[in-house]
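Written below as structure tokens is the structure these notes are about.
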Amino acid sequence: MKWLLFLSTFIFQKEIYCQQFNRQQLRDLFLQATERKTALDSLASKLENIEKKTPTEESYYGLCNGLYCQYDDGNWAKLRHVIKSKNHLNSAVERDSKDPELRFLRLMLEHFLPSFLGLNKHIPDDLHVIFANPNFIDDNLALKKKVIEFLLWSKRCTAEQNKLLQAQMDELNKKLNPAEAKKNG
């Protein structure tokens, strides 16, 4: 009887530990991971233990590896994390090349990589996919605003793309701050 109890407990824990995540859960957990190393360790561990990761899970796992750079002192350790991160992000994008969120995640990583490493060559392609799908992340307006702010701040977009982003930002601000929009106009 003890063995049966142990076995069922083990199986149940494995089911919980290897769960699949939806996008919103990943976004929330990743945001926490950017703020605390314990949250980063937890998310990375959970994602690492998923045997068959979805492209989205693989992308967030890759970004977790990239975040570990801030906790390393040596350049070689940082480079190992960057390469591991880049490999996961590239693999995820290869598996689902039309997903603008995966493209945005890879663009974020590549934006911060020094160009002499030669690891930031996908930025134009990723921007193309992002702008071809302007409605991505419409399910979370606050997050969409952060994405647009990042794209504007990055100075990676053309003047025409910046105009589109600014128009989207104006619309978002009206939706997020309806009282403010009424005052101004």
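Just so we're on the same page: first chain in the structure tokens is A, next is B, and so on; residues restart at 1 for each chain, and ligands are numbered from 1 in the order they show up.
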Go through segment 64-88 of chain A and flag each residue having an atom no more than 10 Å from segment 108-123 of chain A; for those, report the closest pair of atoms plus their distance in Å to one decimal, using only C-alpha atoms, ordered by chain and rising number, as JSON lines.
{"residue": "A:Gly66", "atom": "CA", "partner": "A:Leu109", "partner_atom": "CA", "distance": 7.5}
{"residue": "A:Leu67", "atom": "CA", "partner": "A:Leu109", "partner_atom": "CA", "distance": 9.5}
{"residue": "A:Leu79", "atom": "CA", "partner": "A:Leu117", "partner_atom": "CA", "distance": 9.6}
{"residue": "A:Val82", "atom": "CA", "partner": "A:Leu113", "partner_atom": "CA", "distance": 8.5}
{"residue": "A:Ile83", "atom": "CA", "partner": "A:Leu119", "partner_atom": "CA", "distance": 8.6}
{"residue": "A:Ser85", "atom": "CA", "partner": "A:Leu109", "partner_atom": "CA", "distance": 8.4}
{"residue": "A:Lys86", "atom": "CA", "partner": "A:Leu109", "partner_atom": "CA", "distance": 7.9}
Using only C-alpha atoms, which protein or nucleic acid residues come within 7 Å of Pro100 of chain A? Drop anything in the same chain fewer than 2 positions from it, and give the result as an MDAnalysis selection string.
chainID A and resid 98 102:104 129:130 133 136
Got time to write the residues from that selection, N, CA and C atoms, as a PDB file, in the first residue's frame?
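Everything below was put into result-v6.pdb:
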ATOM      1  N   LYS A  98       6.012  32.157 -38.237  1.00  0.00           N
ATOM      2  CA  LYS A  98       5.051  33.246 -38.457  1.00  0.00           C
ATOM      3  C   LYS A  98       4.542  33.862 -37.164  1.00  0.00           C
ATOM      4  N   LEU A 102       7.183  35.320 -30.892  1.00  0.00           N
ATOM      5  CA  LEU A 102       8.486  34.652 -30.866  1.00  0.00           C
ATOM      6  C   LEU A 102       9.533  35.520 -31.561  1.00  0.00           C
ATOM      7  N   ARG A 103       9.118  36.145 -32.649  1.00  0.00           N
ATOM      8  CA  ARG A 103      10.032  37.037 -33.374  1.00  0.00           C
ATOM      9  C   ARG A 103      10.417  38.236 -32.498  1.00  0.00           C
ATOM     10  N   PHE A 104       9.436  38.763 -31.766  1.00  0.00           N
ATOM     11  CA  PHE A 104       9.728  39.903 -30.893  1.00  0.00           C
ATOM     12  C   PHE A 104      10.704  39.499 -29.783  1.00  0.00           C
ATOM     13  N   VAL A 129       8.131  40.444 -39.785  1.00  0.00           N
ATOM     14  CA  VAL A 129       7.033  39.585 -39.298  1.00  0.00           C
ATOM     15  C   VAL A 129       6.189  40.330 -38.263  1.00  0.00           C
ATOM     16  N   ILE A 130       6.828  41.082 -37.393  1.00  0.00           N
ATOM     17  CA  ILE A 130       6.086  41.834 -36.366  1.00  0.00           C
ATOM     18  C   ILE A 130       5.151  42.850 -37.021  1.00  0.00           C
ATOM     19  N   ASN A 133       2.017  41.577 -38.683  1.00  0.00           N
ATOM     20  CA  ASN A 133       0.990  41.111 -37.741  1.00  0.00           C
ATOM     21  C   ASN A 133       0.771  42.161 -36.655  1.00  0.00           C
ATOM     22  N   PHE A 136      -0.824  41.463 -32.952  1.00  0.00           N
ATOM     23  CA  PHE A 136      -0.328  40.514 -31.968  1.00  0.00           C
ATOM     24  C   PHE A 136      -0.276  41.173 -30.593  1.00  0.00           C
TER      25      PHE A 136
END
What's the 12 Å shell around Lys163 of chain A, counting only C-alpha atoms, without same-chain residues fewer than 4 positions away, as a PDB file with C-alpha atoms, in the first residue's frame?
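Here's the written file around.pdb:
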ATOM      1  CA  PHE A 131       4.823  44.600 -38.654  1.00  0.00           C
ATOM      2  CA  ILE A 148       5.520  49.390 -28.778  1.00  0.00           C
ATOM      3  CA  LEU A 151      10.262  49.146 -30.513  1.00  0.00           C
ATOM      4  CA  LEU A 152      10.225  52.949 -30.519  1.00  0.00           C
ATOM      5  CA  CYS A 157      12.458  50.788 -37.039  1.00  0.00           C
ATOM      6  CA  THR A 158      12.160  52.893 -40.168  1.00  0.00           C
ATOM      7  CA  ALA A 159      10.456  56.288 -40.099  1.00  0.00           C
ATOM      8  CA  ALA A 167      -0.529  55.659 -34.255  1.00  0.00           C
ATOM      9  CA  GLN A 168      -0.952  52.344 -32.418  1.00  0.00           C
ATOM     10  CA  MET A 169       0.365  53.958 -29.235  1.00  0.00           C
ATOM     11  CA  ASP A 170      -2.150  56.797 -29.534  1.00  0.00           C
TER      12      ASP A 170
END
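When atom CA of Asp139 of chain A is paired with atom CA of Leu26 of chain A, their separation reads 14.0 Å.
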Name all residues at most 8 Å from Asn65 of chain A (count only C-alpha atoms; drop same-chain ones fewer than 3 positions away) and give them as an MDAnalysis selection string.
chainID A and resid 44 61:62 68:69 81:82 84:85
Residue with smallest distance to Asn135 of chain A - pool A:Ser42, A:Val147, A:Asn173, A:Gln32, counting only C-alpha atoms:
A:Val147
Could you check the closest approach to Ala132 of chain A for each of A:Leu164, A:Ala39, A:Leu31, A:Leu105 and tell me which residue wins, using only C-alpha atoms?
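So, comparing all the options, the nearest one is A:Leu164.
In this structure, atom CA of Ala142 of chain A sits 17.8 Å away from atom CA of Asn22 of chain A.
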Please, which residues of chain A, numbered as in this document, come out helix (DSSP H, G or I) from DSSP, as JSON, numbers by chain?
{"A": [2, 3, 4, 5, 6, 7, 8, 9, 10, 11, 12, 13, 14, 15, 16, 17, 23, 24, 25, 26, 27, 28, 29, 30, 31, 32, 33, 34, 35, 37, 38, 39, 40, 41, 42, 43, 44, 45, 46, 47, 48, 55, 56, 57, 58, 59, 60, 61, 62, 63, 64, 65, 66, 67, 68, 69, 70, 71, 75, 76, 77, 78, 79, 80, 81, 82, 83, 84, 85, 86, 87, 88, 89, 90, 91, 92, 93, 94, 95, 100, 101, 102, 103, 104, 105, 106, 107, 108, 109, 110, 111, 112, 115, 116, 117, 123, 124, 125, 126, 127, 128, 129, 130, 131, 132, 141, 142, 143, 144, 145, 146, 147, 148, 149, 150, 151, 152, 153, 154, 159, 160, 161, 162, 163, 164, 165, 166, 167, 168, 169, 170, 171, 172, 173, 174, 175, 176, 178, 179, 180, 181, 182, 183, 184]}
Given only C-alpha atoms as the basis, pick out the residue of A:Asn140, A:Glu57, A:Phe30, A:Asp73 nearest to Asp96 of chain A.
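The answer is A:Glu57, which sits nearest to Asp96 of chain A.
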